[in-house]
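protein-v3.txt follows (compact mmCIF, C-alpha atoms and all ligand atoms):
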```txt
# COMPACT_ATOMS: atom_id res chain seq x y z
CA MET A 239 -39.97 62.09 39.07
CA ASP A 240 -38.23 58.78 38.49
CA PHE A 241 -35.24 57.75 40.61
CA THR A 242 -34.27 54.67 38.60
CA LEU A 243 -31.74 54.46 35.80
CA SER A 244 -33.15 53.35 32.45
CA GLU A 245 -32.34 49.86 31.14
CA GLN A 246 -29.79 51.37 28.74
CA GLN A 247 -28.15 53.29 31.57
CA GLN A 248 -27.97 50.20 33.74
CA ALA A 249 -26.42 48.27 30.84
CA LEU A 250 -23.91 51.08 30.25
CA GLN A 251 -22.99 51.15 33.94
CA GLN A 252 -22.58 47.38 33.98
CA SER A 253 -20.39 47.26 30.89
CA VAL A 254 -18.11 50.09 32.10
CA ARG A 255 -17.84 48.39 35.49
CA GLN A 256 -16.81 45.10 33.89
CA PHE A 257 -14.23 46.83 31.71
CA ALA A 258 -12.86 48.84 34.63
CA GLN A 259 -12.57 45.90 36.99
CA LYS A 260 -10.90 43.74 34.35
CA GLU A 261 -8.54 46.11 32.54
CA LEU A 262 -7.72 48.96 34.89
CA PRO A 263 -6.46 47.74 38.29
CA GLU A 264 -2.96 46.87 37.09
CA ILE A 265 -2.62 50.13 35.14
CA ALA A 266 -3.85 52.04 38.19
CA ARG A 267 -1.35 50.24 40.41
CA GLN A 268 1.52 51.24 38.12
CA VAL A 269 0.30 54.85 37.94
CA GLU A 270 0.21 55.05 41.74
CA GLU A 271 3.64 53.47 42.07
CA THR A 272 5.40 55.54 39.41
CA ASP A 273 3.36 58.77 39.75
CA GLU A 274 3.23 58.88 35.93
CA PRO A 275 -0.08 59.19 34.03
CA PRO A 276 -1.29 56.21 32.00
CA GLY A 277 -0.02 56.07 28.40
CA ILE A 278 -1.78 57.20 25.25
CA GLU A 279 -2.85 53.57 24.56
CA LEU A 280 -5.35 53.79 27.41
CA ARG A 281 -6.82 56.99 25.93
CA ARG A 282 -7.17 55.20 22.59
CA ARG A 283 -8.90 52.32 24.32
CA TYR A 284 -11.30 54.74 26.02
CA ALA A 285 -11.96 56.34 22.63
CA GLU A 286 -12.73 52.95 21.05
CA LEU A 287 -15.22 52.28 23.84
CA GLY A 288 -16.84 55.71 23.47
CA TYR A 289 -15.87 56.88 26.95
CA LEU A 290 -14.26 60.14 25.81
CA GLY A 291 -16.81 62.89 25.20
CA VAL A 292 -19.77 60.73 26.23
CA ASN A 293 -21.90 63.89 26.40
CA LEU A 294 -20.37 65.66 23.38
CA ASP A 295 -22.24 65.80 20.07
CA SER A 296 -21.62 62.96 17.63
CA GLN A 297 -20.73 65.49 14.91
CA TYR A 298 -17.53 66.14 16.93
CA GLY A 299 -16.82 62.48 17.62
CA GLY A 300 -18.65 62.31 20.95
CA ALA A 301 -21.24 59.73 21.90
CA GLY A 302 -24.06 62.33 21.94
CA MET A 303 -25.39 60.96 25.23
CA SER A 304 -26.53 62.76 28.37
CA HIS A 305 -24.51 64.26 31.22
CA LEU A 306 -25.94 61.51 33.44
CA ASP A 307 -24.51 58.87 31.09
CA ALA A 308 -21.14 60.62 31.37
CA VAL A 309 -21.44 60.55 35.17
CA LEU A 310 -22.10 56.80 35.08
CA VAL A 311 -19.04 56.15 32.92
CA LEU A 312 -16.74 58.41 34.92
CA GLU A 313 -17.83 56.98 38.27
CA GLU A 314 -17.09 53.38 37.32
CA ILE A 315 -13.62 54.26 36.02
CA ALA A 316 -12.79 56.58 38.93
CA LYS A 317 -13.74 53.91 41.44
CA ILE A 318 -10.57 52.16 40.30
CA SER A 319 -8.42 55.32 40.29
CA ILE A 320 -8.94 59.02 39.73
CA ALA A 321 -5.69 59.24 37.75
CA VAL A 322 -6.80 56.68 35.16
CA ALA A 323 -10.16 58.46 34.99
CA PHE A 324 -8.65 61.88 34.32
CA PRO A 325 -8.89 61.87 30.49
CA ILE A 326 -12.59 60.98 30.81
CA PHE A 327 -13.12 63.65 33.45
CA GLU A 328 -11.51 66.28 31.22
CA SER A 329 -13.35 65.18 28.06
CA CYS A 330 -16.81 64.98 29.64
CA PHE A 331 -16.72 67.70 32.29
CA GLY A 332 -13.59 69.77 31.69
CA PRO A 333 -12.86 72.64 29.31
CA SER A 334 -13.98 70.60 26.28
CA LEU A 335 -17.52 71.30 27.38
CA ALA A 336 -16.75 75.02 27.55
CA ILE A 337 -15.48 74.72 23.97
CA ALA A 338 -18.61 72.81 22.94
CA HIS A 339 -20.89 75.47 24.42
CA PHE A 340 -19.01 78.68 23.73
CA GLY A 341 -16.23 77.97 21.21
CA SER A 342 -16.44 79.04 17.57
CA GLU A 343 -17.39 76.39 15.01
CA SER A 344 -13.77 76.28 13.82
CA MET A 345 -12.47 75.74 17.38
CA ARG A 346 -15.04 73.01 18.00
CA ASN A 347 -14.08 71.27 14.75
CA ALA A 348 -10.37 71.59 15.43
CA ILE A 349 -10.36 70.43 19.04
CA LEU A 350 -13.29 68.22 19.99
CA PRO A 351 -12.70 65.34 17.52
CA LYS A 352 -9.11 65.13 18.82
CA VAL A 353 -10.38 65.03 22.40
CA CYS A 354 -12.86 62.28 21.55
CA SER A 355 -10.25 60.20 19.72
CA GLY A 356 -7.83 60.44 22.66
CA GLU A 357 -5.25 62.34 20.65
CA ILE A 358 -5.31 65.30 23.03
CA VAL A 359 -6.43 66.21 26.53
CA VAL A 360 -7.43 69.83 27.19
CA ALA A 361 -6.76 71.06 30.73
CA VAL A 362 -8.10 74.18 32.43
CA SER A 363 -5.75 76.79 33.86
CA MET A 364 -7.39 79.42 36.00
CA SER A 365 -5.49 79.68 39.29
CA GLU A 366 -2.45 81.84 39.86
CA ALA A 367 -0.10 82.31 42.80
CA ASN A 368 -2.16 85.28 44.04
CA ALA A 369 -5.51 84.40 42.51
CA GLY A 370 -7.05 81.21 43.90
CA SER A 371 -10.39 81.76 45.63
CA ALA A 372 -10.03 85.38 44.51
CA LEU A 373 -9.90 84.21 40.91
CA THR A 374 -10.98 87.54 39.48
CA ASP A 375 -7.66 89.01 40.70
CA LEU A 376 -5.83 87.02 38.02
CA THR A 377 -3.17 88.98 36.15
CA THR A 378 -2.05 86.78 33.24
CA GLN A 379 -2.51 89.06 30.24
CA ALA A 380 -3.72 88.29 26.75
CA ARG A 381 -3.30 91.23 24.39
CA VAL A 382 -4.82 91.24 20.92
CA GLU A 383 -2.27 92.43 18.34
CA ALA A 384 -3.46 92.43 14.72
CA ASP A 385 -4.25 88.77 13.96
CA ARG A 386 -2.59 87.34 17.11
CA VAL A 387 -3.16 87.10 20.84
CA VAL A 388 -0.04 87.59 22.94
CA LEU A 389 0.03 86.08 26.44
CA ASN A 390 2.26 87.03 29.36
CA GLY A 391 2.13 85.85 32.96
CA SER A 392 2.07 82.68 34.97
CA LYS A 393 -0.38 80.09 36.25
CA ARG A 394 -0.44 77.60 39.13
CA TRP A 395 -2.01 74.27 40.11
CA CYS A 396 -3.33 73.32 36.68
CA SER A 397 -4.10 69.56 36.72
CA GLY A 398 -2.36 68.10 33.70
CA ALA A 399 0.20 70.93 33.41
CA GLY A 400 3.25 69.62 31.57
CA HIS A 401 1.40 66.56 30.31
CA SER A 402 -1.85 67.69 28.65
CA GLU A 403 -1.56 68.68 25.02
CA SER A 404 -3.67 71.85 25.24
CA TYR A 405 -4.82 74.41 27.85
CA ILE A 406 -7.74 76.76 28.26
CA VAL A 407 -6.04 79.67 29.97
CA TYR A 408 -8.11 82.26 31.82
CA CYS A 409 -6.55 85.66 31.28
CA ARG A 410 -7.07 89.37 31.51
CA MET A 411 -7.92 90.44 27.98
CA ASP A 412 -8.76 93.99 28.78
CA LYS A 413 -7.28 96.52 31.20
CA ILE A 414 -10.55 96.48 33.20
CA SER A 415 -10.01 94.99 36.68
CA GLY A 416 -12.15 92.19 38.15
CA ALA A 417 -14.35 89.76 36.25
CA LYS A 418 -15.20 92.08 33.37
CA GLY A 419 -11.70 92.02 31.91
CA ILE A 420 -11.40 88.22 31.96
CA GLY A 421 -11.63 85.92 28.95
CA ALA A 422 -10.03 82.61 27.98
CA VAL A 423 -7.61 81.50 25.29
CA LEU A 424 -6.63 78.07 24.04
CA VAL A 425 -2.87 77.52 24.16
CA PRO A 426 -1.35 74.31 22.80
CA MET A 427 1.66 72.75 24.50
CA GLY A 428 4.82 73.48 22.51
CA THR A 429 3.84 77.05 21.54
CA ASN A 430 6.92 79.30 21.61
CA GLY A 431 7.43 81.01 24.97
CA PHE A 432 5.08 78.62 26.83
CA SER A 433 6.96 76.63 29.49
CA PHE A 434 6.45 74.71 32.73
CA GLY A 435 8.12 74.84 36.15
CA LYS A 436 9.14 71.80 38.15
CA ARG A 437 6.41 69.32 38.85
CA ASP A 438 4.29 69.77 42.01
CA HIS A 439 3.74 66.78 44.24
CA HIS A 440 0.39 66.65 45.98
CA MET A 441 -0.65 64.51 48.94
CA GLY A 442 -2.77 62.40 46.56
CA PHE A 443 -3.59 62.67 42.84
CA ARG A 444 -0.50 60.64 41.97
CA GLY A 445 -0.24 60.29 38.21
CA VAL A 446 -1.90 63.68 37.64
CA TYR A 447 0.68 66.27 36.61
CA SER A 448 0.64 69.75 38.10
CA ALA A 449 3.20 72.54 37.64
CA ASP A 450 3.50 76.28 37.29
CA MET A 451 3.02 77.48 33.73
CA TYR A 452 4.85 80.46 32.25
CA PHE A 453 3.82 82.61 29.29
CA ASP A 454 6.54 84.77 27.83
CA ASN A 455 5.14 86.60 24.77
CA VAL A 456 3.25 83.48 23.73
CA GLU A 457 1.47 84.09 20.43
CA VAL A 458 -1.61 82.21 19.24
CA PRO A 459 -4.09 83.03 16.46
CA LEU A 460 -7.25 85.03 17.20
CA ASP A 461 -9.22 81.85 16.49
CA ASN A 462 -7.86 80.52 19.79
CA ILE A 463 -9.95 82.95 21.82
CA LEU A 464 -12.61 80.84 23.53
CA VAL A 465 -14.37 83.81 25.07
CA PRO A 466 -13.23 87.44 24.93
CA ALA A 467 -13.18 89.91 27.83
CA GLY A 468 -16.62 90.02 29.36
CA GLY A 469 -17.11 86.28 28.98
CA PHE A 470 -16.27 85.34 32.56
CA GLY A 471 -19.94 84.56 33.27
CA LYS A 472 -19.95 82.03 30.43
CA LEU A 473 -16.76 80.42 31.74
CA MET A 474 -18.34 80.08 35.16
CA ASP A 475 -21.52 78.61 33.62
CA ALA A 476 -19.39 75.95 31.93
CA PHE A 477 -17.57 75.47 35.21
CA ASP A 478 -20.86 74.46 36.84
CA LEU A 479 -20.57 71.28 34.77
CA GLU A 480 -16.93 70.83 35.79
CA ARG A 481 -18.19 70.90 39.38
CA CYS A 482 -20.38 67.89 38.53
CA GLY A 483 -17.26 66.08 37.28
CA ASN A 484 -15.52 66.93 40.54
CA THR A 485 -18.61 65.63 42.39
CA THR A 486 -18.48 62.39 40.40
CA MET A 487 -14.81 61.88 41.22
CA SER A 488 -15.55 62.49 44.92
CA LEU A 489 -18.48 60.10 44.84
CA ALA A 490 -16.45 57.42 43.05
CA VAL A 491 -13.65 57.56 45.61
CA ALA A 492 -16.16 57.46 48.48
CA GLN A 493 -18.24 54.66 46.97
CA SER A 494 -15.22 52.48 46.27
CA ALA A 495 -13.88 53.02 49.82
CA PHE A 496 -17.29 52.10 51.17
CA ASP A 497 -17.62 48.96 48.99
CA PHE A 498 -14.21 47.81 50.16
CA VAL A 499 -14.83 48.39 53.85
CA LEU A 500 -18.31 46.85 53.79
CA ASP A 501 -16.78 43.65 52.51
CA TYR A 502 -13.87 43.93 54.95
CA CYS A 503 -16.19 44.31 57.95
CA GLN A 504 -17.95 41.09 56.99
CA GLN A 505 -14.65 39.18 56.69
CA ARG A 506 -12.56 40.54 59.55
CA GLN A 507 -13.21 38.85 62.88
CA GLN A 508 -12.45 40.19 66.36
CA PHE A 509 -13.71 38.84 69.67
CA GLY A 510 -14.79 35.77 67.72
CA LYS A 511 -17.23 37.47 65.38
CA PRO A 512 -17.18 39.63 62.23
CA LEU A 513 -16.75 43.38 62.74
CA ILE A 514 -20.14 43.97 61.12
CA ASP A 515 -21.79 42.24 64.11
CA PHE A 516 -20.79 45.13 66.39
CA GLN A 517 -23.49 47.74 66.63
CA ALA A 518 -21.01 50.63 66.61
CA VAL A 519 -19.71 49.34 63.26
CA GLN A 520 -23.24 48.96 61.90
CA ILE A 521 -23.92 52.60 62.74
CA GLN A 522 -20.75 53.78 60.97
CA ILE A 523 -21.70 51.77 57.88
CA ALA A 524 -25.23 53.17 57.87
CA GLU A 525 -23.96 56.74 58.23
CA MET A 526 -21.61 56.27 55.30
CA LYS A 527 -24.39 54.77 53.19
CA MET A 528 -26.75 57.67 53.98
CA LYS A 529 -24.17 60.24 52.88
CA LEU A 530 -23.37 58.34 49.70
CA GLU A 531 -27.00 58.05 48.68
CA ALA A 532 -27.60 61.74 49.33
CA ALA A 533 -24.47 62.74 47.39
CA ARG A 534 -25.55 60.59 44.46
CA LEU A 535 -29.06 62.05 44.36
CA LEU A 536 -27.73 65.62 44.48
CA LEU A 537 -25.35 64.87 41.62
CA TYR A 538 -28.01 63.17 39.51
CA ARG A 539 -30.40 66.07 40.13
CA ALA A 540 -27.83 68.64 39.00
CA VAL A 541 -27.01 66.83 35.74
CA VAL A 542 -30.52 65.61 34.90
CA ASN A 543 -32.02 69.08 35.42
CA ALA A 544 -29.34 70.48 33.11
CA GLU A 545 -30.49 68.11 30.34
CA LYS A 546 -28.05 68.85 27.46
CA GLY A 547 -27.25 72.33 28.76
CA LEU A 548 -25.30 73.49 31.79
CA PRO A 549 -26.31 72.86 35.40
CA SER A 550 -27.28 75.70 37.70
CA ILE A 551 -24.67 77.12 40.07
CA ALA A 552 -26.98 76.38 43.01
CA GLU A 553 -27.45 72.69 42.22
CA SER A 554 -23.88 72.04 41.10
CA SER A 555 -22.43 73.81 44.15
CA VAL A 556 -24.69 71.95 46.59
CA ALA A 557 -23.73 68.64 44.94
CA LYS A 558 -20.00 69.41 44.86
CA CYS A 559 -19.86 70.70 48.40
CA PHE A 560 -21.77 67.76 49.83
CA ALA A 561 -19.75 65.18 47.90
CA ASN A 562 -16.45 66.88 48.84
CA GLU A 563 -17.34 66.64 52.52
CA THR A 564 -18.77 63.14 52.13
CA VAL A 565 -15.67 61.71 50.50
CA ARG A 566 -13.46 63.02 53.31
CA GLU A 567 -15.80 61.59 55.93
CA VAL A 568 -16.37 58.22 54.25
CA THR A 569 -12.72 57.53 53.46
CA GLY A 570 -11.78 58.57 57.00
CA LYS A 571 -14.36 56.28 58.56
CA ALA A 572 -13.50 53.44 56.20
CA MET A 573 -9.82 53.73 57.08
CA GLN A 574 -10.61 53.70 60.78
CA LEU A 575 -12.79 50.61 60.44
CA MET A 576 -9.86 48.78 58.89
CA GLY A 577 -7.60 49.52 61.83
CA GLY A 578 -3.90 49.03 61.05
CA TYR A 579 -4.78 47.53 57.67
CA GLY A 580 -6.48 50.77 56.66
CA TYR A 581 -3.29 52.72 57.36
CA SER A 582 -1.13 50.27 55.43
CA LYS A 583 -0.12 50.87 51.82
CA GLU A 584 -0.87 47.21 51.15
CA PHE A 585 -4.58 48.11 51.17
CA PRO A 586 -6.41 50.71 49.05
CA LEU A 587 -7.82 52.90 51.80
CA GLU A 588 -4.81 55.10 52.45
CA GLN A 589 -4.69 56.06 48.74
CA LYS A 590 -8.45 56.71 48.72
CA LEU A 591 -8.08 59.02 51.72
CA ARG A 592 -5.22 60.94 50.08
CA ASP A 593 -7.13 61.26 46.79
CA ALA A 594 -10.30 62.25 48.64
CA TRP A 595 -8.99 65.42 50.22
CA GLY A 596 -8.03 67.31 47.06
CA TRP A 597 -11.53 67.51 45.55
CA GLY A 598 -12.72 69.94 48.19
CA ILE A 599 -9.93 72.33 47.21
CA ALA A 600 -9.89 71.81 43.42
CA GLY A 601 -12.62 73.60 41.50
CA GLY A 602 -13.27 76.03 44.34
CA ALA A 603 -12.74 75.40 48.05
CA ILE A 604 -15.66 74.02 50.07
CA ASP A 605 -16.30 77.27 51.94
CA ILE A 606 -16.36 79.21 48.67
CA GLN A 607 -19.02 76.79 47.40
CA LYS A 608 -21.01 77.46 50.54
CA VAL A 609 -20.84 81.18 49.86
CA ASN A 610 -22.08 80.45 46.29
CA ILE A 611 -24.97 78.42 47.67
CA THR A 612 -26.17 81.19 49.98
CA SER A 613 -25.58 83.74 47.26
CA ALA A 614 -27.84 81.76 44.88
CA LEU A 615 -30.44 81.44 47.63
CA VAL A 616 -30.77 85.15 48.22
CA GLY A 617 -30.14 86.12 44.61
CA ARG A 618 -27.13 88.37 45.06
CA ARG A 619 -23.34 88.13 45.22
CA PHE A 620 -21.55 88.91 48.46
CA ASN A 621 -18.55 91.18 48.29
CA GLN A 622 -15.57 89.25 49.70
CA ARG A 623 -13.12 92.11 49.32
CA ALA A 624 -11.60 94.42 51.85
CA SER A 625 -13.37 97.74 51.43
C1 LIG B 1 -5.80 68.68 43.56
C2 LIG B 1 -5.98 70.04 43.01
C3 LIG B 1 -6.23 70.20 41.65
C4 LIG B 1 -6.38 71.48 41.10
N1 LIG B 1 -6.58 71.62 39.75
C5 LIG B 1 -6.67 72.85 39.22
C6 LIG B 1 -6.80 73.02 37.80
O1 LIG B 1 -6.88 72.05 37.04
N2 LIG B 1 -6.82 74.28 37.31
C7 LIG B 1 -6.73 75.38 38.10
O2 LIG B 1 -6.78 76.49 37.60
N3 LIG B 1 -6.61 75.26 39.46
C8 LIG B 1 -6.57 74.02 40.03
N4 LIG B 1 -6.43 73.88 41.39
C9 LIG B 1 -6.35 75.08 42.22
C10 LIG B 1 -7.61 75.35 43.02
O3 LIG B 1 -8.65 75.81 42.17
C11 LIG B 1 -7.27 76.37 44.12
O4 LIG B 1 -6.31 75.77 44.97
C12 LIG B 1 -8.50 76.80 44.89
O5 LIG B 1 -9.35 77.60 44.10
C13 LIG B 1 -8.13 77.55 46.17
O6 LIG B 1 -7.24 78.57 45.89
P1 LIG B 1 -5.89 78.72 46.78
O7 LIG B 1 -5.19 77.43 46.78
O8 LIG B 1 -5.17 79.91 46.29
O9 LIG B 1 -6.42 78.98 48.26
P2 LIG B 1 -6.85 80.38 48.89
O10 LIG B 1 -7.65 81.17 47.92
O11 LIG B 1 -5.66 81.00 49.49
O12 LIG B 1 -7.83 79.90 50.03
C14 LIG B 1 -7.38 79.14 51.13
C15 LIG B 1 -8.55 78.87 52.05
O13 LIG B 1 -9.02 80.10 52.58
C16 LIG B 1 -10.41 80.09 52.71
N5 LIG B 1 -10.99 81.25 51.98
C17 LIG B 1 -10.39 82.02 51.04
N6 LIG B 1 -11.23 82.99 50.64
C18 LIG B 1 -12.38 82.81 51.32
C19 LIG B 1 -13.64 83.47 51.34
N7 LIG B 1 -13.89 84.54 50.58
N8 LIG B 1 -14.61 82.99 52.14
C20 LIG B 1 -14.39 81.91 52.93
N9 LIG B 1 -13.22 81.24 52.96
C21 LIG B 1 -12.24 81.68 52.17
C22 LIG B 1 -10.90 78.75 52.17
O14 LIG B 1 -11.10 77.87 53.25
C23 LIG B 1 -9.75 78.26 51.32
O15 LIG B 1 -9.73 76.86 51.34
C24 LIG B 1 -6.29 72.63 41.94
C25 LIG B 1 -6.06 72.45 43.31
C26 LIG B 1 -5.90 71.18 43.84
C27 LIG B 1 -5.63 71.01 45.31
```
Please lay out the structure from this file as structure tokens.
Amino acid sequence: MDFTLSEQQQALQQSVRQFAQKELPEIARQVEETDEPPGIELRRRYAELGYLGVNLDSQYGGAGMSHLDAVLVLEEIAKISIAVAFPIFESCFGPSLAIAHFGSESMRNAILPKVCSGEIVVAVSMSEANAGSALTDLTTQARVEADRVVLNGSKRWCSGAGHSESYIVYCRMDKISGAKGIGAVLVPMGTNGFSFGKRDHHMGFRGVYSADMYFDNVEVPLDNILVPAGGFGKLMDAFDLERCGNTTMSLAVAQSAFDFVLDYCQQRQQFGKPLIDFQAVQIQIAEMKMKLEAARLLLYRAVVNAEKGLPSIAESSVAKCFANETVREVTGKAMQLMGGYGYSKEFPLEQKLRDAWGWGIAGGAIDIQKVNITSALVGRRFNQRAS
């Protein structure tokens, strides 16, 4: 067991950090101010640098590197802002990875090179108004008719909805209720009958679109089926990697809040000495550091054990859950340590705290992850339904 990054990984981390600190703060500031995602030029720049599809095969335009390399890239970018990191998140941990693992060769060839070149972002649309934690209650239908799939229904809370160019839509592809009838279909923006509601506005995540999505007899070719009915298990396996992306985003927000406040506590003086000289402050800093280190190790374990495959539900859920709680705690403590300055929009902590909260809801609420963890421990699923 080796807990150090290789020389190449350290060099990668260093170069992404330099790029992020030099080129991204002003873009991130504008995104936060306007609530609009960064332009396509930034995606092209990421593509040039090889940051899109870091862990996708080179035959599809990816960098062919490991999941850990993708974590290192995403963390450095997301430390600046989660919104500017979103295209990287989606390309390295989002539905593109489900396509890479379970899509047909023609779907992989059609979609992944476009993802890696920054031409498109593929978002994932699972949740519905009445199917959040109870995802297997989803009702959006996809009916196979001759050489087409016809979709009807509506979706909610999809990150990127109304902005991303393509969507992996979880739908009921068979009349069977529960997980067994669920599959997933790729639906490009602009397909006839596919529309969006008014934009949602979250507490944080500014610059990340979200809106209801409506499917009114939307027709796509059979080739767009990612997995047919019965493939829900595969979708969830791919989602274990998405959880690691969520973990990385949480860690990045927490780490950047911590870095800022550690510096602040050494500068800010009260009672004639720096805040860091007060023992109560030292203890807060140490507690934050302990949580960060633990979150990082859990994340690294989940992705390194997965090698080029998909992480286990147990390891990805433990990592996600811990990082989701850590980011809330660390940003809260960091804000408190900055006093009035922490609460002011002139300083980054209030944005970090707003961005922090969402990760423990997105990708499965914290308590649902905890149920998954215990379920993996005892080797059986617990029935959550009213009997
Ligand atoms: C910032 C953000 C981004 C998102 N991005 C996406 C996206 O890209 N694509 C997408 O499809 N969805 C997305 N979502 C939706 C997200 O997946 C759901 O919000 C989440 O699964 C919870 O579903 P819900 O909101 O319906 O809450 P509910 O299912 O109503 O749950 C509410 C709360 O009840 C509790 N609860 C419910 N059931 C149980 C149970 N069985 N055991 C214990 N506690 C329980 C939990 O505490 C939970 O937090 C996003 C959400 C957010 C906030």
Please provide the set of residues having any atom within 7 Å of stretch 404-412 of chain A, restricted to only C-alpha atoms, with same-chain residues fewer than 3 positions apart removed, written as a PyMOL selection string.
-> chain A and resi 333+359-364+376-381+419-427+466-467
What's the 9 Å shell around stretch 606-608 of chain A, counting only C-alpha atoms, without same-chain residues fewer than 6 positions away, as a ChimeraX atom specification?
-> /A:371,555-556,558-559
Using all atoms listed in the file, determine which residues lie at most 6 Å from A:Asp450, disregarding the query and same-chain residues fewer than 3 positions distant; provide the list as a ChimeraX atom specification.
-> /A:393-394,434-435
Take the selection from the previous step and output its residues with C-alpha atoms, as a CSV table (one decimal), in the coordinates of the input.
```csv
chain,number,residue,atom,x,y,z
A,393,LYS,CA,-0.4,80.1,36.2
A,394,ARG,CA,-0.4,77.6,39.1
A,434,PHE,CA,6.4,74.7,32.7
A,435,GLY,CA,8.1,74.8,36.2
```
Using all atoms of ligand LIG 1 (chain B) that appear in the file, construct an axis-aligned enclosing box with 6 Å of padding on every side and provide its centre coordinates and edge lengths in Å, rounded to one decimal, as AutoDock Vina command-line options.
```
--center_x -9.9 --center_y 76.6 --center_z 45.1 --size_x 21.4 --size_y 27.9 --size_z 28.2
```
Contacts to ligand LIG 1 (chain B) at 6 Å cut-off (all atoms listed in the file) as a JSON list (two decimals) with C-alpha atoms, in the coordinates of the input:
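Output below, filename part.json:
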```
[["chain", "number", "residue", "atom", "x", "y", "z"],
["A", 362, "VAL", "CA", -8.10, 74.18, 32.43],
["A", 363, "SER", "CA", -5.75, 76.79, 33.86],
["A", 364, "MET", "CA", -7.39, 79.42, 36.00],
["A", 365, "SER", "CA", -5.49, 79.68, 39.29],
["A", 369, "ALA", "CA", -5.51, 84.40, 42.51],
["A", 370, "GLY", "CA", -7.05, 81.21, 43.90],
["A", 371, "SER", "CA", -10.39, 81.76, 45.63],
["A", 372, "ALA", "CA", -10.03, 85.38, 44.51],
["A", 395, "TRP", "CA", -2.01, 74.27, 40.11],
["A", 396, "CYS", "CA", -3.33, 73.32, 36.68],
["A", 397, "SER", "CA", -4.10, 69.56, 36.72],
["A", 596, "GLY", "CA", -8.03, 67.31, 47.06],
["A", 599, "ILE", "CA", -9.93, 72.33, 47.21],
["A", 600, "ALA", "CA", -9.89, 71.81, 43.42],
["A", 601, "GLY", "CA", -12.62, 73.60, 41.50],
["A", 602, "GLY", "CA", -13.27, 76.03, 44.34],
["A", 603, "ALA", "CA", -12.74, 75.40, 48.05],
["A", 605, "ASP", "CA", -16.30, 77.27, 51.94],
["A", 606, "ILE", "CA", -16.36, 79.21, 48.67],
["A", 622, "GLN", "CA", -15.57, 89.25, 49.70]]
```
re atom CA of A:Asp475 and atom CA of A:Ser415: distance 20.3 Å
